[in-house]
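Student: Please see the structure below; I have some questions.
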Amino acid sequence: MAGKDRDRFSTATRLRLLGEQTAARVYRSQTRRQARRSRLTGRAALLALVLCSLIVALAYPMRQYVSQRGEIADLERRQEQARKRVEQLRDLKARWQDDAYAEQQIRQRLHYVMPGETGYIMIDPDAVKPSRADRTTAVRPWYAGLWDAVDRADKADRADGPAGERTAP
């Protein structure tokens, strides 16, 4: 143990210990500096600021561009539909210029006949709808209709004045 104490006070031991302490301090200060030092440098901050400014500056024009492209596509679609409709109308006009087509349509739509011909119209019995009177009488019993008529007559009498004139409601 006495050898160890003597070794502790020797110059070489002291220098070695002093060197280790100094190295530990330097290493500690470097790690502290690195820990304190942020990864965001001035150049990186400036670059981030420029990129954010560009994004904000270009956001509205890009939105406008996209919406205008959508409008243009919609207008082109409508224009194509209008072209097709014009072609259909031109074809129809050309057909009406033909006398045979016009005669056929007149006979079919207006039920015209040529002189000397007899015109007939065939009615499909299944297509005939029952009249309104037939529908109401079939659904309601006879006394319900009678009672409604009495109610209507009573309301008409109340609306008339004493001299038979109608009073304003």
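Going by the structure tokens order, chains are called A, B, ..., each with residues numbered from 1, while ligands are numbered from 1 in the order shown.
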DSSP on the backbone, alpha helix (DSSP H) only: what residues of range 53-158 of chain A does that give? Format it as an mmCIF file with N, CA, C and O atoms, in the first residue's frame.
Tutor:
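See selection.cif below for the written result:
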data_model
loop_
_atom_site.group_PDB
_atom_site.id
_atom_site.type_symbol
_atom_site.label_atom_id
_atom_site.label_comp_id
_atom_site.auth_asym_id
_atom_site.auth_seq_id
_atom_site.Cartn_x
_atom_site.Cartn_y
_atom_site.Cartn_z
ATOM 1 N N SER A 53 -41.857 31.021 -48.393
ATOM 2 C CA SER A 53 -42.347 32.192 -49.130
ATOM 3 C C SER A 53 -42.786 31.812 -50.533
ATOM 4 O O SER A 53 -43.823 32.283 -51.017
ATOM 5 N N LEU A 54 -42.023 30.963 -51.204
ATOM 6 C CA LEU A 54 -42.394 30.520 -52.545
ATOM 7 C C LEU A 54 -43.702 29.726 -52.530
ATOM 8 O O LEU A 54 -44.558 29.910 -53.399
ATOM 9 N N ILE A 55 -43.858 28.865 -51.556
ATOM 10 C CA ILE A 55 -45.078 28.062 -51.463
ATOM 11 C C ILE A 55 -46.284 28.960 -51.243
ATOM 12 O O ILE A 55 -47.320 28.802 -51.890
ATOM 13 N N VAL A 56 -46.160 29.916 -50.340
ATOM 14 C CA VAL A 56 -47.273 30.833 -50.065
ATOM 15 C C VAL A 56 -47.567 31.696 -51.291
ATOM 16 O O VAL A 56 -48.723 31.934 -51.639
ATOM 17 N N ALA A 57 -46.513 32.155 -51.969
ATOM 18 C CA ALA A 57 -46.708 33.027 -53.134
ATOM 19 C C ALA A 57 -47.325 32.277 -54.308
ATOM 20 O O ALA A 57 -48.077 32.853 -55.090
ATOM 21 N N LEU A 58 -47.035 30.996 -54.448
ATOM 22 C CA LEU A 58 -47.537 30.231 -55.594
ATOM 23 C C LEU A 58 -48.839 29.489 -55.312
ATOM 24 O O LEU A 58 -49.439 28.946 -56.232
ATOM 25 N N ALA A 59 -49.303 29.466 -54.086
ATOM 26 C CA ALA A 59 -50.510 28.696 -53.754
ATOM 27 C C ALA A 59 -51.738 29.261 -54.457
ATOM 28 O O ALA A 59 -52.499 28.514 -55.080
ATOM 29 N N TYR A 60 -51.979 30.549 -54.391
ATOM 30 C CA TYR A 60 -53.176 31.141 -55.008
ATOM 31 C C TYR A 60 -53.156 31.040 -56.530
ATOM 32 O O TYR A 60 -54.154 30.623 -57.124
ATOM 33 N N PRO A 61 -52.048 31.381 -57.197
ATOM 34 C CA PRO A 61 -52.045 31.218 -58.661
ATOM 35 C C PRO A 61 -52.230 29.768 -59.101
ATOM 36 O O PRO A 61 -52.897 29.505 -60.112
ATOM 37 N N MET A 62 -51.699 28.828 -58.365
ATOM 38 C CA MET A 62 -51.884 27.416 -58.730
ATOM 39 C C MET A 62 -53.345 27.015 -58.565
ATOM 40 O O MET A 62 -53.892 26.280 -59.389
ATOM 41 N N ARG A 63 -53.986 27.511 -57.521
ATOM 42 C CA ARG A 63 -55.401 27.221 -57.319
ATOM 43 C C ARG A 63 -56.230 27.800 -58.457
ATOM 44 O O ARG A 63 -57.129 27.150 -58.992
ATOM 45 N N GLN A 64 -55.918 29.017 -58.849
ATOM 46 C CA GLN A 64 -56.612 29.648 -59.964
ATOM 47 C C GLN A 64 -56.380 28.877 -61.257
ATOM 48 O O GLN A 64 -57.308 28.672 -62.048
ATOM 49 N N TYR A 65 -55.174 28.435 -61.475
ATOM 50 C CA TYR A 65 -54.838 27.683 -62.690
ATOM 51 C C TYR A 65 -55.648 26.389 -62.764
ATOM 52 O O TYR A 65 -56.228 26.067 -63.793
ATOM 53 N N VAL A 66 -55.712 25.681 -61.652
ATOM 54 C CA VAL A 66 -56.444 24.412 -61.631
ATOM 55 C C VAL A 66 -57.935 24.647 -61.852
ATOM 56 O O VAL A 66 -58.585 23.926 -62.623
ATOM 57 N N SER A 67 -58.504 25.672 -61.218
ATOM 58 C CA SER A 67 -59.935 25.927 -61.398
ATOM 59 C C SER A 67 -60.228 26.377 -62.826
ATOM 60 O O SER A 67 -61.242 25.981 -63.410
ATOM 61 N N GLN A 68 -59.353 27.171 -63.421
ATOM 62 C CA GLN A 68 -59.563 27.602 -64.802
ATOM 63 C C GLN A 68 -59.445 26.432 -65.773
ATOM 64 O O GLN A 68 -60.179 26.362 -66.757
ATOM 65 N N ARG A 69 -58.550 25.525 -65.505
ATOM 66 C CA ARG A 69 -58.445 24.338 -66.373
ATOM 67 C C ARG A 69 -59.725 23.505 -66.290
ATOM 68 O O ARG A 69 -60.186 22.964 -67.293
ATOM 69 N N GLY A 70 -60.303 23.423 -65.112
ATOM 70 C CA GLY A 70 -61.581 22.716 -64.967
ATOM 71 C C GLY A 70 -62.701 23.409 -65.731
ATOM 72 O O GLY A 70 -63.518 22.753 -66.387
ATOM 73 N N GLU A 71 -62.736 24.735 -65.662
ATOM 74 C CA GLU A 71 -63.748 25.484 -66.407
ATOM 75 C C GLU A 71 -63.568 25.307 -67.909
ATOM 76 O O GLU A 71 -64.546 25.171 -68.647
ATOM 77 N N ILE A 72 -62.323 25.334 -68.360
ATOM 78 C CA ILE A 72 -62.049 25.160 -69.789
ATOM 79 C C ILE A 72 -62.511 23.787 -70.251
ATOM 80 O O ILE A 72 -63.136 23.644 -71.314
ATOM 81 N N ALA A 73 -62.235 22.766 -69.458
ATOM 82 C CA ALA A 73 -62.669 21.413 -69.824
ATOM 83 C C ALA A 73 -64.192 21.334 -69.881
ATOM 84 O O ALA A 73 -64.756 20.704 -70.795
ATOM 85 N N ASP A 74 -64.869 21.985 -68.936
ATOM 86 C CA ASP A 74 -66.333 21.986 -68.937
ATOM 87 C C ASP A 74 -66.878 22.709 -70.165
ATOM 88 O O ASP A 74 -67.827 22.245 -70.808
ATOM 89 N N LEU A 75 -66.286 23.843 -70.516
ATOM 90 C CA LEU A 75 -66.733 24.590 -71.692
ATOM 91 C C LEU A 75 -66.484 23.809 -72.987
ATOM 92 O O LEU A 75 -67.302 23.837 -73.907
ATOM 93 N N GLU A 76 -65.361 23.098 -73.045
ATOM 94 C CA GLU A 76 -65.092 22.283 -74.235
ATOM 95 C C GLU A 76 -66.104 21.156 -74.360
ATOM 96 O O GLU A 76 -66.552 20.824 -75.466
ATOM 97 N N ARG A 77 -66.486 20.574 -73.228
ATOM 98 C CA ARG A 77 -67.493 19.512 -73.251
ATOM 99 C C ARG A 77 -68.836 20.058 -73.726
ATOM 100 O O ARG A 77 -69.506 19.458 -74.569
ATOM 101 N N ARG A 78 -69.223 21.239 -73.227
ATOM 102 C CA ARG A 78 -70.474 21.854 -73.661
ATOM 103 C C ARG A 78 -70.439 22.218 -75.147
ATOM 104 O O ARG A 78 -71.437 22.080 -75.849
ATOM 105 N N GLN A 79 -69.292 22.690 -75.591
ATOM 106 C CA GLN A 79 -69.151 23.052 -77.001
ATOM 107 C C GLN A 79 -69.315 21.821 -77.889
ATOM 108 O O GLN A 79 -69.971 21.885 -78.935
ATOM 109 N N GLU A 80 -68.752 20.712 -77.469
ATOM 110 C CA GLU A 80 -68.895 19.473 -78.243
ATOM 111 C C GLU A 80 -70.359 19.021 -78.271
ATOM 112 O O GLU A 80 -70.860 18.579 -79.312
ATOM 113 N N GLN A 81 -71.056 19.137 -77.162
ATOM 114 C CA GLN A 81 -72.482 18.792 -77.131
ATOM 115 C C GLN A 81 -73.283 19.704 -78.047
ATOM 116 O O GLN A 81 -74.196 19.256 -78.744
ATOM 117 N N ALA A 82 -72.929 20.997 -78.060
ATOM 118 C CA ALA A 82 -73.639 21.944 -78.933
ATOM 119 C C ALA A 82 -73.382 21.610 -80.399
ATOM 120 O O ALA A 82 -74.297 21.688 -81.228
ATOM 121 N N ARG A 83 -72.158 21.210 -80.735
ATOM 122 C CA ARG A 83 -71.856 20.806 -82.119
ATOM 123 C C ARG A 83 -72.699 19.611 -82.526
ATOM 124 O O ARG A 83 -73.239 19.566 -83.640
ATOM 125 N N LYS A 84 -72.797 18.628 -81.636
ATOM 126 C CA LYS A 84 -73.609 17.445 -81.944
ATOM 127 C C LYS A 84 -75.070 17.829 -82.143
ATOM 128 O O LYS A 84 -75.732 17.328 -83.056
ATOM 129 N N ARG A 85 -75.574 18.729 -81.290
ATOM 130 C CA ARG A 85 -76.970 19.163 -81.407
ATOM 131 C C ARG A 85 -77.194 19.900 -82.726
ATOM 132 O O ARG A 85 -78.220 19.720 -83.383
ATOM 133 N N VAL A 86 -76.244 20.737 -83.140
ATOM 134 C CA VAL A 86 -76.360 21.457 -84.406
ATOM 135 C C VAL A 86 -76.397 20.470 -85.571
ATOM 136 O O VAL A 86 -77.195 20.620 -86.506
ATOM 137 N N GLU A 87 -75.559 19.445 -85.512
ATOM 138 C CA GLU A 87 -75.557 18.423 -86.577
ATOM 139 C C GLU A 87 -76.898 17.701 -86.630
ATOM 140 O O GLU A 87 -77.429 17.435 -87.709
ATOM 141 N N GLN A 88 -77.450 17.370 -85.472
ATOM 142 C CA GLN A 88 -78.750 16.707 -85.446
ATOM 143 C C GLN A 88 -79.826 17.607 -86.053
ATOM 144 O O GLN A 88 -80.668 17.140 -86.821
ATOM 145 N N LEU A 89 -79.794 18.890 -85.699
ATOM 146 C CA LEU A 89 -80.795 19.813 -86.240
ATOM 147 C C LEU A 89 -80.627 20.013 -87.744
ATOM 148 O O LEU A 89 -81.621 20.129 -88.472
ATOM 149 N N ARG A 90 -79.381 20.018 -88.211
ATOM 150 C CA ARG A 90 -79.156 20.118 -89.667
ATOM 151 C C ARG A 90 -79.701 18.891 -90.382
ATOM 152 O O ARG A 90 -80.306 19.006 -91.454
ATOM 153 N N ASP A 91 -79.472 17.718 -89.805
ATOM 154 C CA ASP A 91 -80.018 16.492 -90.396
ATOM 155 C C ASP A 91 -81.543 16.538 -90.423
ATOM 156 O O ASP A 91 -82.163 16.166 -91.424
ATOM 157 N N LEU A 92 -82.144 16.999 -89.336
ATOM 158 C CA LEU A 92 -83.600 17.086 -89.275
ATOM 159 C C LEU A 92 -84.136 18.090 -90.296
ATOM 160 O O LEU A 92 -85.137 17.831 -90.969
ATOM 161 N N LYS A 93 -83.445 19.207 -90.445
ATOM 162 C CA LYS A 93 -83.860 20.200 -91.432
ATOM 163 C C LYS A 93 -83.770 19.633 -92.841
ATOM 164 O O LYS A 93 -84.672 19.849 -93.669
ATOM 165 N N ALA A 94 -82.701 18.903 -93.105
ATOM 166 C CA ALA A 94 -82.553 18.296 -94.433
ATOM 167 C C ALA A 94 -83.662 17.276 -94.687
ATOM 168 O O ALA A 94 -84.181 17.179 -95.806
ATOM 169 N N ARG A 95 -84.050 16.518 -93.663
ATOM 170 C CA ARG A 95 -85.144 15.554 -93.833
ATOM 171 C C ARG A 95 -86.463 16.258 -94.114
ATOM 172 O O ARG A 95 -87.260 15.801 -94.912
ATOM 173 N N TRP A 96 -86.707 17.374 -93.415
ATOM 174 C CA TRP A 96 -87.961 18.099 -93.633
ATOM 175 C C TRP A 96 -88.006 18.749 -95.010
ATOM 176 O O TRP A 96 -89.085 19.081 -95.501
ATOM 177 N N GLN A 97 -86.858 18.932 -95.644
ATOM 178 C CA GLN A 97 -86.837 19.474 -96.998
ATOM 179 C C GLN A 97 -87.359 18.458 -98.010
ATOM 180 O O GLN A 97 -87.813 18.832 -99.091
ATOM 181 N N ASP A 99 -90.028 16.145 -99.553
ATOM 182 C CA ASP A 99 -91.496 16.162 -99.545
ATOM 183 C C ASP A 99 -92.093 14.859 -99.027
ATOM 184 O O ASP A 99 -93.127 14.872 -98.350
ATOM 185 N N ALA A 100 -91.448 13.743 -99.300
ATOM 186 C CA ALA A 100 -91.977 12.449 -98.851
ATOM 187 C C ALA A 100 -91.935 12.359 -97.321
ATOM 188 O O ALA A 100 -92.891 11.880 -96.688
ATOM 189 N N TYR A 101 -90.852 12.829 -96.717
ATOM 190 C CA TYR A 101 -90.743 12.799 -95.252
ATOM 191 C C TYR A 101 -91.779 13.737 -94.631
ATOM 192 O O TYR A 101 -92.425 13.392 -93.641
ATOM 193 N N ALA A 102 -91.935 14.940 -95.204
ATOM 194 C CA ALA A 102 -92.910 15.895 -94.678
ATOM 195 C C ALA A 102 -94.320 15.317 -94.756
ATOM 196 O O ALA A 102 -95.096 15.433 -93.802
ATOM 197 N N GLU A 103 -94.647 14.686 -95.886
ATOM 198 C CA GLU A 103 -95.973 14.081 -96.030
ATOM 199 C C GLU A 103 -96.178 12.970 -95.005
ATOM 200 O O GLU A 103 -97.248 12.868 -94.385
ATOM 201 N N GLN A 104 -95.162 12.155 -94.808
ATOM 202 C CA GLN A 104 -95.264 11.066 -93.826
ATOM 203 C C GLN A 104 -95.507 11.625 -92.425
ATOM 204 O O GLN A 104 -96.368 11.125 -91.694
ATOM 205 N N GLN A 105 -94.773 12.665 -92.036
ATOM 206 C CA GLN A 105 -94.929 13.240 -90.709
ATOM 207 C C GLN A 105 -96.292 13.914 -90.545
ATOM 208 O O GLN A 105 -96.913 13.822 -89.484
ATOM 209 N N ILE A 106 -96.760 14.580 -91.597
ATOM 210 C CA ILE A 106 -98.066 15.226 -91.532
ATOM 211 C C ILE A 106 -99.160 14.185 -91.340
ATOM 212 O O ILE A 106 -100.075 14.347 -90.532
ATOM 213 N N ARG A 107 -99.077 13.088 -92.072
ATOM 214 C CA ARG A 107 -100.079 12.027 -91.935
ATOM 215 C C ARG A 107 -100.025 11.415 -90.529
ATOM 216 O O ARG A 107 -101.054 11.152 -89.916
ATOM 217 N N GLN A 108 -98.802 11.195 -90.043
ATOM 218 C CA GLN A 108 -98.653 10.513 -88.754
ATOM 219 C C GLN A 108 -99.035 11.425 -87.586
ATOM 220 O O GLN A 108 -99.769 11.015 -86.690
ATOM 221 N N ARG A 109 -98.550 12.657 -87.577
ATOM 222 C CA ARG A 109 -98.757 13.533 -86.424
ATOM 223 C C ARG A 109 -100.111 14.236 -86.438
ATOM 224 O O ARG A 109 -100.738 14.381 -85.392
ATOM 225 N N LEU A 110 -100.552 14.682 -87.609
ATOM 226 C CA LEU A 110 -101.774 15.475 -87.676
ATOM 227 C C LEU A 110 -102.976 14.672 -88.163
ATOM 228 O O LEU A 110 -104.076 15.202 -88.235
ATOM 229 N N ARG A 132 -112.585 10.789 -64.351
ATOM 230 C CA ARG A 132 -112.452 11.179 -62.952
ATOM 231 C C ARG A 132 -113.723 10.837 -62.170
ATOM 232 O O ARG A 132 -113.658 10.406 -61.022
ATOM 233 N N ALA A 133 -114.833 10.999 -62.800
ATOM 234 C CA ALA A 133 -116.105 10.689 -62.129
ATOM 235 C C ALA A 133 -116.201 9.190 -61.831
ATOM 236 O O ALA A 133 -116.675 8.780 -60.769
ATOM 237 N N ASP A 134 -115.716 8.375 -62.774
ATOM 238 C CA ASP A 134 -115.754 6.925 -62.553
ATOM 239 C C ASP A 134 -114.849 6.522 -61.391
ATOM 240 O O ASP A 134 -115.189 5.651 -60.605
ATOM 241 N N ARG A 135 -113.705 7.164 -61.299
ATOM 242 C CA ARG A 135 -112.767 6.813 -60.224
ATOM 243 C C ARG A 135 -113.318 7.205 -58.865
ATOM 244 O O ARG A 135 -113.187 6.469 -57.905
ATOM 245 N N THR A 136 -113.908 8.387 -58.744
ATOM 246 C CA THR A 136 -114.381 8.825 -57.429
ATOM 247 C C THR A 136 -115.610 8.053 -56.986
ATOM 248 O O THR A 136 -115.761 7.757 -55.812
ATOM 249 N N THR A 137 -116.478 7.705 -57.935
ATOM 250 C CA THR A 137 -117.669 6.969 -57.527
ATOM 251 C C THR A 137 -117.341 5.543 -57.150
ATOM 252 O O THR A 137 -118.001 4.970 -56.306
ATOM 253 N N ALA A 138 -116.350 4.975 -57.766
ATOM 254 C CA ALA A 138 -116.020 3.593 -57.464
ATOM 255 C C ALA A 138 -115.345 3.477 -56.094
ATOM 256 O O ALA A 138 -115.502 2.475 -55.413
ATOM 257 N N VAL A 139 -114.649 4.508 -55.686
ATOM 258 C CA VAL A 139 -113.890 4.439 -54.438
ATOM 259 C C VAL A 139 -114.772 4.789 -53.239
ATOM 260 O O VAL A 139 -114.682 4.169 -52.195
ATOM 261 N N TRP A 142 -122.022 6.095 -51.945
ATOM 262 C CA TRP A 142 -122.923 7.147 -52.439
ATOM 263 C C TRP A 142 -123.251 8.184 -51.386
ATOM 264 O O TRP A 142 -123.382 9.365 -51.648
ATOM 265 N N TYR A 143 -123.330 7.761 -50.122
ATOM 266 C CA TYR A 143 -123.724 8.704 -49.076
ATOM 267 C C TYR A 143 -122.597 9.677 -48.736
ATOM 268 O O TYR A 143 -122.847 10.782 -48.263
ATOM 269 N N ALA A 144 -121.346 9.304 -49.003
ATOM 270 C CA ALA A 144 -120.238 10.229 -48.754
ATOM 271 C C ALA A 144 -120.302 11.389 -49.743
ATOM 272 O O ALA A 144 -120.082 12.557 -49.383
ATOM 273 N N GLY A 145 -120.618 11.091 -51.001
ATOM 274 C CA GLY A 145 -120.764 12.147 -51.994
ATOM 275 C C GLY A 145 -121.929 13.068 -51.666
ATOM 276 O O GLY A 145 -121.854 14.283 -51.847
ATOM 277 N N LEU A 146 -123.030 12.493 -51.161
ATOM 278 C CA LEU A 146 -124.190 13.287 -50.789
ATOM 279 C C LEU A 146 -123.858 14.233 -49.635
ATOM 280 O O LEU A 146 -124.214 15.412 -49.649
ATOM 281 N N TRP A 147 -123.149 13.724 -48.646
ATOM 282 C CA TRP A 147 -122.796 14.541 -47.486
ATOM 283 C C TRP A 147 -121.841 15.673 -47.892
ATOM 284 O O TRP A 147 -121.967 16.799 -47.406
ATOM 285 N N ASP A 148 -120.902 15.403 -48.791
ATOM 286 C CA ASP A 148 -120.002 16.454 -49.282
ATOM 287 C C ASP A 148 -120.777 17.550 -49.999
ATOM 288 O O ASP A 148 -120.481 18.737 -49.863
ATOM 289 N N ALA A 149 -121.771 17.166 -50.769
ATOM 290 C CA ALA A 149 -122.586 18.160 -51.477
ATOM 291 C C ALA A 149 -123.343 19.038 -50.490
ATOM 292 O O ALA A 149 -123.466 20.255 -50.687
ATOM 293 N N VAL A 150 -123.864 18.452 -49.412
ATOM 294 C CA VAL A 150 -124.567 19.230 -48.389
ATOM 295 C C VAL A 150 -123.601 20.196 -47.718
ATOM 296 O O VAL A 150 -123.929 21.364 -47.473
ATOM 297 N N ASP A 151 -122.389 19.749 -47.413
ATOM 298 C CA ASP A 151 -121.394 20.628 -46.789
ATOM 299 C C ASP A 151 -121.035 21.794 -47.701
ATOM 300 O O ASP A 151 -120.912 22.938 -47.258
ATOM 301 N N ARG A 152 -120.833 21.542 -48.977
ATOM 302 C CA ARG A 152 -120.508 22.610 -49.922
ATOM 303 C C ARG A 152 -121.649 23.624 -50.019
ATOM 304 O O ARG A 152 -121.407 24.827 -50.082
ATOM 305 N N ALA A 153 -122.857 23.128 -50.043
ATOM 306 C CA ALA A 153 -124.001 24.041 -50.118
ATOM 307 C C ALA A 153 -124.100 24.880 -48.850
ATOM 308 O O ALA A 153 -124.431 26.076 -48.901
ATOM 309 N N ASP A 154 -123.821 24.303 -47.705
ATOM 310 C CA ASP A 154 -123.873 25.019 -46.444
ATOM 311 C C ASP A 154 -122.809 26.111 -46.395
ATOM 312 O O ASP A 154 -123.074 27.227 -45.941
ATOM 313 N N LYS A 155 -121.646 25.837 -46.880
ATOM 314 C CA LYS A 155 -120.569 26.833 -46.903
ATOM 315 C C LYS A 155 -120.923 27.974 -47.841
ATOM 316 O O LYS A 155 -120.628 29.130 -47.564
ATOM 317 N N ALA A 156 -121.554 27.681 -48.934
ATOM 318 C CA ALA A 156 -121.961 28.727 -49.872
ATOM 319 C C ALA A 156 -123.016 29.628 -49.240
ATOM 320 O O ALA A 156 -123.021 30.843 -49.463
ATOM 321 N N ASP A 157 -123.942 29.083 -48.448
ATOM 322 C CA ASP A 157 -124.972 29.886 -47.787
ATOM 323 C C ASP A 157 -124.359 30.813 -46.740
ATOM 324 O O ASP A 157 -124.809 31.941 -46.556
ATOM 325 N N ARG A 158 -123.375 30.376 -46.014
ATOM 326 C CA ARG A 158 -122.725 31.198 -44.998
ATOM 327 C C ARG A 158 -121.976 32.366 -45.625
ATOM 328 O O ARG A 158 -121.890 33.436 -45.048
#
Student: Could you state the separation of CA of Leu15 in chain A and CA of Gln30 in chain A in Å, given to one decimal place?
Tutor: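 If I compute the distance from CA of Leu15 in chain A to CA of Gln30 in chain A, I get 22.2 Å.
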Student: In Å, with one decimal, what is the gap from CA of Val26 in chain A to CA of Arg39 in chain A?
Tutor: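 These two atoms are separated by 21.2 Å.
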Student: What does the distance between CA of Asp124 in chain A and CA of Tyr112 in chain A come to in Å, to one decimal place?
Tutor: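 Going from CA of Asp124 in chain A over to CA of Tyr112 in chain A covers 20.0 Å.
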